[in-house]
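Participant: I am sharing entry_19.txt, which consists of compact mmCIF, C-alpha atoms:
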# COMPACT_ATOMS: atom_id res chain seq x y z
CA GLY A 1 -6.44 -15.25 2.66
CA ALA A 2 -5.86 -12.48 5.15
CA VAL A 3 -8.70 -9.98 5.26
CA VAL A 4 -8.59 -6.42 6.52
CA SER A 5 -11.73 -4.37 6.88
CA GLN A 6 -12.22 -0.64 7.24
CA HIS A 7 -15.23 1.20 8.53
CA PRO A 8 -16.76 3.41 7.31
CA SER A 9 -16.01 3.03 3.62
CA TRP A 10 -17.24 6.51 2.86
CA VAL A 11 -17.93 9.51 5.09
CA ILE A 12 -18.93 13.10 4.57
CA CYS A 13 -18.58 15.48 7.47
CA LYS A 14 -18.74 19.17 8.24
CA SER A 15 -15.61 21.21 8.73
CA GLY A 16 -14.56 21.26 12.37
CA THR A 17 -15.94 17.85 13.29
CA SER A 18 -13.96 14.72 14.09
CA VAL A 19 -14.13 11.47 12.19
CA LYS A 20 -13.02 8.04 13.40
CA ILE A 21 -11.95 5.33 10.96
CA GLU A 22 -11.57 1.73 12.11
CA CYS A 23 -9.19 -0.83 10.67
CA ARG A 24 -9.62 -4.48 11.61
CA SER A 25 -7.71 -7.62 10.74
CA LEU A 26 -10.46 -10.21 10.54
CA ASP A 27 -8.66 -13.54 10.48
CA PHE A 28 -5.18 -12.83 11.77
CA GLN A 29 -3.36 -10.90 14.45
CA ALA A 30 -1.51 -7.77 13.51
CA THR A 31 1.08 -6.38 15.87
CA THR A 32 1.71 -3.59 13.40
CA MET A 33 -0.77 -1.61 11.35
CA PHE A 34 -0.08 1.25 8.98
CA TRP A 35 -2.14 4.24 7.94
CA TYR A 36 -1.79 5.74 4.47
CA ARG A 37 -3.30 8.65 2.67
CA GLN A 38 -3.84 8.78 -1.05
CA PHE A 39 -4.78 11.84 -3.07
CA PRO A 40 -6.43 11.36 -6.48
CA LYS A 41 -4.09 9.87 -9.06
CA GLN A 42 -1.21 9.81 -6.61
CA SER A 43 0.63 7.13 -4.73
CA LEU A 44 0.06 6.09 -1.15
CA MET A 45 1.81 8.18 1.44
CA LEU A 46 2.55 6.60 4.79
CA MET A 47 1.15 8.68 7.62
CA ALA A 48 2.01 6.60 10.63
CA THR A 49 2.98 3.18 11.91
CA SER A 50 0.83 1.82 14.70
CA ASN A 51 2.11 -0.84 17.10
CA GLU A 52 -0.24 -2.62 19.44
CA GLY A 53 0.00 -1.30 22.95
CA SER A 54 2.37 1.55 22.20
CA LYS A 55 2.33 5.02 20.71
CA ALA A 56 2.20 5.40 16.96
CA THR A 57 5.21 6.56 14.99
CA TYR A 58 4.29 9.45 12.71
CA GLU A 59 5.99 10.35 9.45
CA GLN A 60 7.54 13.74 9.05
CA GLY A 61 4.95 16.41 8.34
CA VAL A 62 2.02 14.46 9.78
CA GLU A 63 0.44 16.19 12.78
CA LYS A 64 0.02 13.66 15.55
CA ASP A 65 -2.47 15.84 17.39
CA LYS A 66 -4.64 16.04 14.30
CA PHE A 67 -4.46 12.40 13.29
CA LEU A 68 -4.92 10.40 16.46
CA ILE A 69 -4.06 6.72 16.21
CA ASN A 70 -5.00 4.07 18.72
CA HIS A 71 -3.96 0.42 18.38
CA ALA A 72 -5.67 -1.07 21.39
CA SER A 73 -5.72 -4.70 20.34
CA LEU A 74 -4.02 -7.09 17.94
CA THR A 75 -6.91 -6.80 15.51
CA LEU A 76 -8.00 -3.16 15.71
CA SER A 77 -6.44 0.20 14.98
CA THR A 78 -8.34 3.47 14.74
CA LEU A 79 -7.50 6.76 13.07
CA THR A 80 -9.34 9.84 14.27
CA VAL A 81 -9.16 12.95 12.12
CA THR A 82 -9.77 15.75 14.60
CA SER A 83 -11.26 19.09 13.61
CA ALA A 84 -11.39 18.04 10.00
CA HIS A 85 -10.98 20.63 7.26
CA PRO A 86 -11.63 20.39 3.51
CA GLU A 87 -7.92 19.83 2.84
CA ASP A 88 -8.17 16.62 4.89
CA SER A 89 -10.48 15.18 2.24
CA SER A 90 -8.70 12.15 0.89
CA PHE A 91 -8.70 8.38 0.60
CA TYR A 92 -7.38 6.82 3.81
CA ILE A 93 -6.12 3.25 3.63
CA CYS A 94 -4.91 1.05 6.44
CA SER A 95 -2.80 -2.05 6.21
CA ALA A 96 -1.98 -4.77 8.69
CA ARG A 97 1.13 -6.87 8.88
CA GLU A 98 0.45 -10.37 10.13
CA THR A 99 2.59 -11.04 13.18
CA GLY A 100 5.70 -12.94 12.15
CA THR A 101 5.46 -12.22 8.41
CA ASP A 102 6.55 -9.47 6.03
CA THR A 103 3.43 -9.07 3.95
CA GLN A 104 1.03 -6.20 4.48
CA TYR A 105 -2.63 -6.67 3.72
CA PHE A 106 -4.67 -3.62 2.91
CA GLY A 107 -8.13 -2.56 3.88
CA PRO A 108 -10.55 -1.37 1.21
CA GLY A 109 -10.02 2.27 2.15
CA THR A 110 -12.18 5.07 3.51
CA ARG A 111 -13.09 8.03 1.37
CA LEU A 112 -13.37 11.14 3.52
CA THR A 113 -15.00 14.30 2.21
CA VAL A 114 -14.99 17.35 4.45
CA LEU A 115 -17.43 20.06 3.47
CA ALA B 1 16.07 6.48 3.24
CA GLN B 2 14.57 4.16 0.67
CA LYS B 3 13.17 5.05 -2.71
CA ILE B 4 11.07 3.34 -5.34
CA THR B 5 10.96 4.53 -8.95
CA GLN B 6 8.34 3.52 -11.48
CA THR B 7 9.15 5.26 -14.75
CA GLN B 8 6.07 4.21 -16.72
CA PRO B 9 3.05 6.34 -15.82
CA GLY B 10 0.89 4.37 -18.24
CA MET B 11 1.05 1.20 -20.30
CA PHE B 12 -1.15 -0.49 -22.88
CA VAL B 13 -1.11 -4.20 -23.60
CA GLN B 14 -3.14 -6.40 -25.90
CA GLU B 15 -5.29 -9.01 -24.22
CA LYS B 16 -3.51 -12.39 -23.85
CA GLU B 17 -0.08 -10.84 -24.27
CA ALA B 18 2.57 -10.49 -21.59
CA VAL B 19 3.58 -7.13 -20.12
CA THR B 20 6.46 -5.98 -17.92
CA LEU B 21 6.05 -3.15 -15.45
CA ASP B 22 9.32 -1.57 -14.40
CA CYS B 23 10.43 -0.85 -10.87
CA THR B 24 13.81 0.20 -9.53
CA TYR B 25 14.65 0.78 -5.92
CA ASP B 26 17.30 2.29 -3.73
CA THR B 27 18.07 1.41 -0.14
CA SER B 28 21.10 1.15 2.08
CA ASP B 29 19.42 -1.51 4.21
CA PRO B 30 20.92 -4.94 3.43
CA SER B 31 17.65 -6.63 4.31
CA TYR B 32 14.49 -5.60 2.52
CA GLY B 33 11.42 -6.86 0.76
CA LEU B 34 9.75 -5.85 -2.47
CA PHE B 35 6.04 -5.94 -3.17
CA TRP B 36 3.70 -5.37 -6.01
CA TYR B 37 0.13 -4.29 -5.41
CA LYS B 38 -2.77 -3.77 -7.78
CA GLN B 39 -5.29 -0.98 -7.26
CA PRO B 40 -8.44 -1.18 -9.39
CA SER B 41 -10.64 1.87 -9.89
CA SER B 42 -12.62 0.86 -6.80
CA GLY B 43 -9.59 1.80 -4.70
CA GLU B 44 -8.72 -1.30 -2.73
CA MET B 45 -5.10 -2.43 -2.68
CA ILE B 46 -4.63 -6.04 -3.71
CA PHE B 47 -1.43 -7.84 -2.82
CA LEU B 48 0.12 -9.59 -5.84
CA ILE B 49 3.63 -10.79 -5.09
CA TYR B 50 6.54 -10.49 -2.66
CA GLN B 51 10.31 -10.90 -3.04
CA GLY B 52 12.73 -10.89 -0.13
CA SER B 53 16.21 -9.49 -0.68
CA TYR B 54 17.80 -12.79 0.30
CA ASP B 55 15.52 -14.96 -1.79
CA GLN B 56 17.56 -16.81 -4.38
CA GLN B 57 14.75 -17.47 -6.80
CA ASN B 58 12.41 -15.02 -8.46
CA ALA B 59 8.96 -15.01 -6.92
CA THR B 60 6.01 -16.28 -8.93
CA GLU B 61 2.29 -16.24 -8.16
CA GLY B 62 0.09 -17.59 -10.91
CA ARG B 63 0.32 -15.23 -13.87
CA TYR B 64 2.54 -12.84 -11.94
CA SER B 65 6.28 -13.14 -11.70
CA LEU B 66 8.85 -10.79 -10.29
CA ASN B 67 12.06 -10.34 -12.27
CA PHE B 68 14.43 -9.56 -9.40
CA GLN B 69 17.87 -8.28 -10.42
CA LYS B 70 19.60 -7.36 -7.21
CA ALA B 71 22.75 -5.92 -8.76
CA ARG B 72 20.66 -3.59 -10.90
CA LYS B 73 18.27 -2.88 -8.03
CA SER B 74 15.30 -3.68 -10.16
CA ALA B 75 12.14 -5.65 -9.41
CA ASN B 76 10.02 -5.69 -12.52
CA LEU B 77 6.59 -7.29 -12.52
CA VAL B 78 5.74 -9.56 -15.41
CA ILE B 79 2.10 -10.34 -16.09
CA SER B 80 1.61 -13.18 -18.54
CA ALA B 81 -1.52 -13.69 -20.66
CA SER B 82 -3.07 -10.32 -19.79
CA GLN B 83 -6.77 -10.20 -19.09
CA LEU B 84 -9.19 -7.30 -19.27
CA GLY B 85 -9.53 -7.45 -15.50
CA ASP B 86 -5.84 -6.66 -15.16
CA SER B 87 -6.54 -3.04 -16.08
CA ALA B 88 -5.62 -1.10 -12.95
CA MET B 89 -2.92 0.91 -11.24
CA TYR B 90 0.07 -1.12 -10.18
CA PHE B 91 2.30 -0.04 -7.33
CA CYS B 92 5.76 -1.30 -6.49
CA ALA B 93 6.80 -0.97 -2.85
CA ILE B 94 9.80 -1.65 -0.67
CA ILE B 95 9.82 -2.58 2.99
CA THR B 96 12.93 -1.89 5.07
CA GLY B 97 13.97 -0.92 8.56
CA GLY B 98 13.34 -4.22 10.26
CA TYR B 99 10.24 -4.56 8.09
CA GLN B 100 8.59 -1.61 9.68
CA LYS B 101 8.38 0.97 6.91
CA VAL B 102 6.93 0.65 3.43
CA THR B 103 7.58 3.12 0.64
CA PHE B 104 5.49 3.09 -2.53
CA GLY B 105 6.34 4.08 -6.07
CA THR B 106 4.18 6.49 -8.05
CA GLY B 107 2.40 3.68 -9.84
CA THR B 108 1.84 2.53 -13.42
CA LYS B 109 -1.60 2.58 -14.96
CA LEU B 110 -2.05 -0.54 -17.06
CA GLN B 111 -4.79 -0.79 -19.63
CA VAL B 112 -5.52 -4.07 -21.34
CA ILE B 113 -6.98 -3.71 -24.81
CA PRO B 114 -9.37 -6.34 -26.19
Could you rewrite the structure in this file as structure tokens?

Facilitator:
Amino acid sequence: GAVVSQHPSWVICKSGTSVKIECRSLDFQATTMFWYRQFPKQSLMLMATSNEGSKATYEQGVEKDKFLINHASLTLSTLTVTSAHPEDSSFYICSARETGTDTQYFGPGTRLTVL
Amino acid sequence: AQKITQTQPGMFVQEKEAVTLDCTYDTSDPSYGLFWYKQPSSGEMIFLIYQGSYDQQNATEGRYSLNFQKARKSANLVISASQLGDSAMYFCAIITGGYQKVTFGTGTKLQVIP
């Protein structure tokens, strides 16, 4: 089956620093990848849609200058949380849609804690 | 805009019995897809089943089946012969807009009792 990896799986950082999270589709190509955020006991909230080779589309209320997304290849998208603050602490999950299909496959998630 | 509603925050089911998790949706897009995902306590999202809006037959994947009633805009998940490992959060989701945007429901926490 389609596998999506995320790295790191868990990160703690100091307030004011930047953190980069990688999302990779391991055995398929993904023209489109999605980034979600999930607070404890809540549903996933779409942050942005990332298309290979073009700018990401951000959902309303998501600061594009704070959450930088780069989708440089058909198998890799990165999310950089810039100048992280404690309120950015959350579970970040990416998903990848295999080119030509409808199904999204999710990564295992990255738990970010900002001190 | 599209919307997914899961009205059951939590459900209990006896092991080996069947359980239905409810999901209703709303969209003005004539073409859409419906998903169910499982999220164990470890956090990863596991794809279970998919139903396209034009699919004539209800989707089935092993013990999972999707009871798709288009006129009622419902897409309930049926899990047959529940197992202890089925205990998890279950999310219903809809994909619309040329299959670009996915919206999730609030989830149902299922607990299987031995």

Participant: Would you list which chain B residues are within 6 Å of chain A using all atoms listed in the file, as a VMD selection string?

Facilitator: chain B and resid 44 to 45 106

Participant: In file coordinates, which residues lie within 9 Å of (11.9, 0.3, -14.0) using only C-alpha atoms, given as a PyMOL selection string?

Facilitator: chain B and resi 5-8+21-25+74-76

Participant: Work out how far apart CA of Ala96 (chain A) and CA of Leu112 (chain A) are and give it in Å to one decimal.

Facilitator: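 We find that CA of Ala96 (chain A) and CA of Leu112 (chain A) lie 20.2 Å from each other.
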
Participant: Give, as AutoDock Vina command-line options, the centre coordinates and the x, y and z edge lengths in Å to one decimal for an axis-aligned box around all listed atoms of region 41-47 of chain B, padded by 8 Å on each side.

Facilitator:
--center_x -7.0 --center_y -3.0 --center_z -6.3 --size_x 27.2 --size_y 25.7 --size_z 23.2

Participant: Place a sphere of radius 12 Å on (1.2, 13.3, 11.4) in the file coordinates and name every protein, DNA or RNA residue with an atom inside or on its surface, counting all atoms listed in the file; give the answer as a ChimeraX atom specification.

Facilitator: /A:35-37,45-50,56-69,79-82,88

Participant: For His85 (chain A), which residue out of A:Ala30, A:Phe39, A:Glu98, A:Ser18 is the nearest one, using only C-alpha atoms?

Facilitator: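 Looking at the shortest contact to His85 (chain A), the residue is A:Ser18.
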
Participant: Could you give me, as a PyMOL selection string, the residues within 7 Å of region 25-29 of chain A, counting only C-alpha atoms and dropping anything in the same chain fewer than 4 positions from it?

Facilitator: chain A and resi 2-5+74-76+96+98-99

Participant: Excluding region 84-96 of chain B and any residue of its chain fewer than 5 positions from it, enumerate the residues within 6 Å of it, using all atoms listed in the file, and give them as a PyMOL selection string.

Facilitator: chain B and resi 32-40+101-105+107-112

Participant: Using CA of Glu61 (chain B) and CA of Ala18 (chain B) as the two end points, give the distance in Å to one decimal.

Facilitator: 14.6 Å

Participant: Nearest to Pro40 (chain A): which of A:Ser54, A:Lys14, A:Ser89, A:Ser83 is it, counting only C-alpha atoms?

Facilitator: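 Selected residue with least distance to Pro40 (chain A): A:Ser89.
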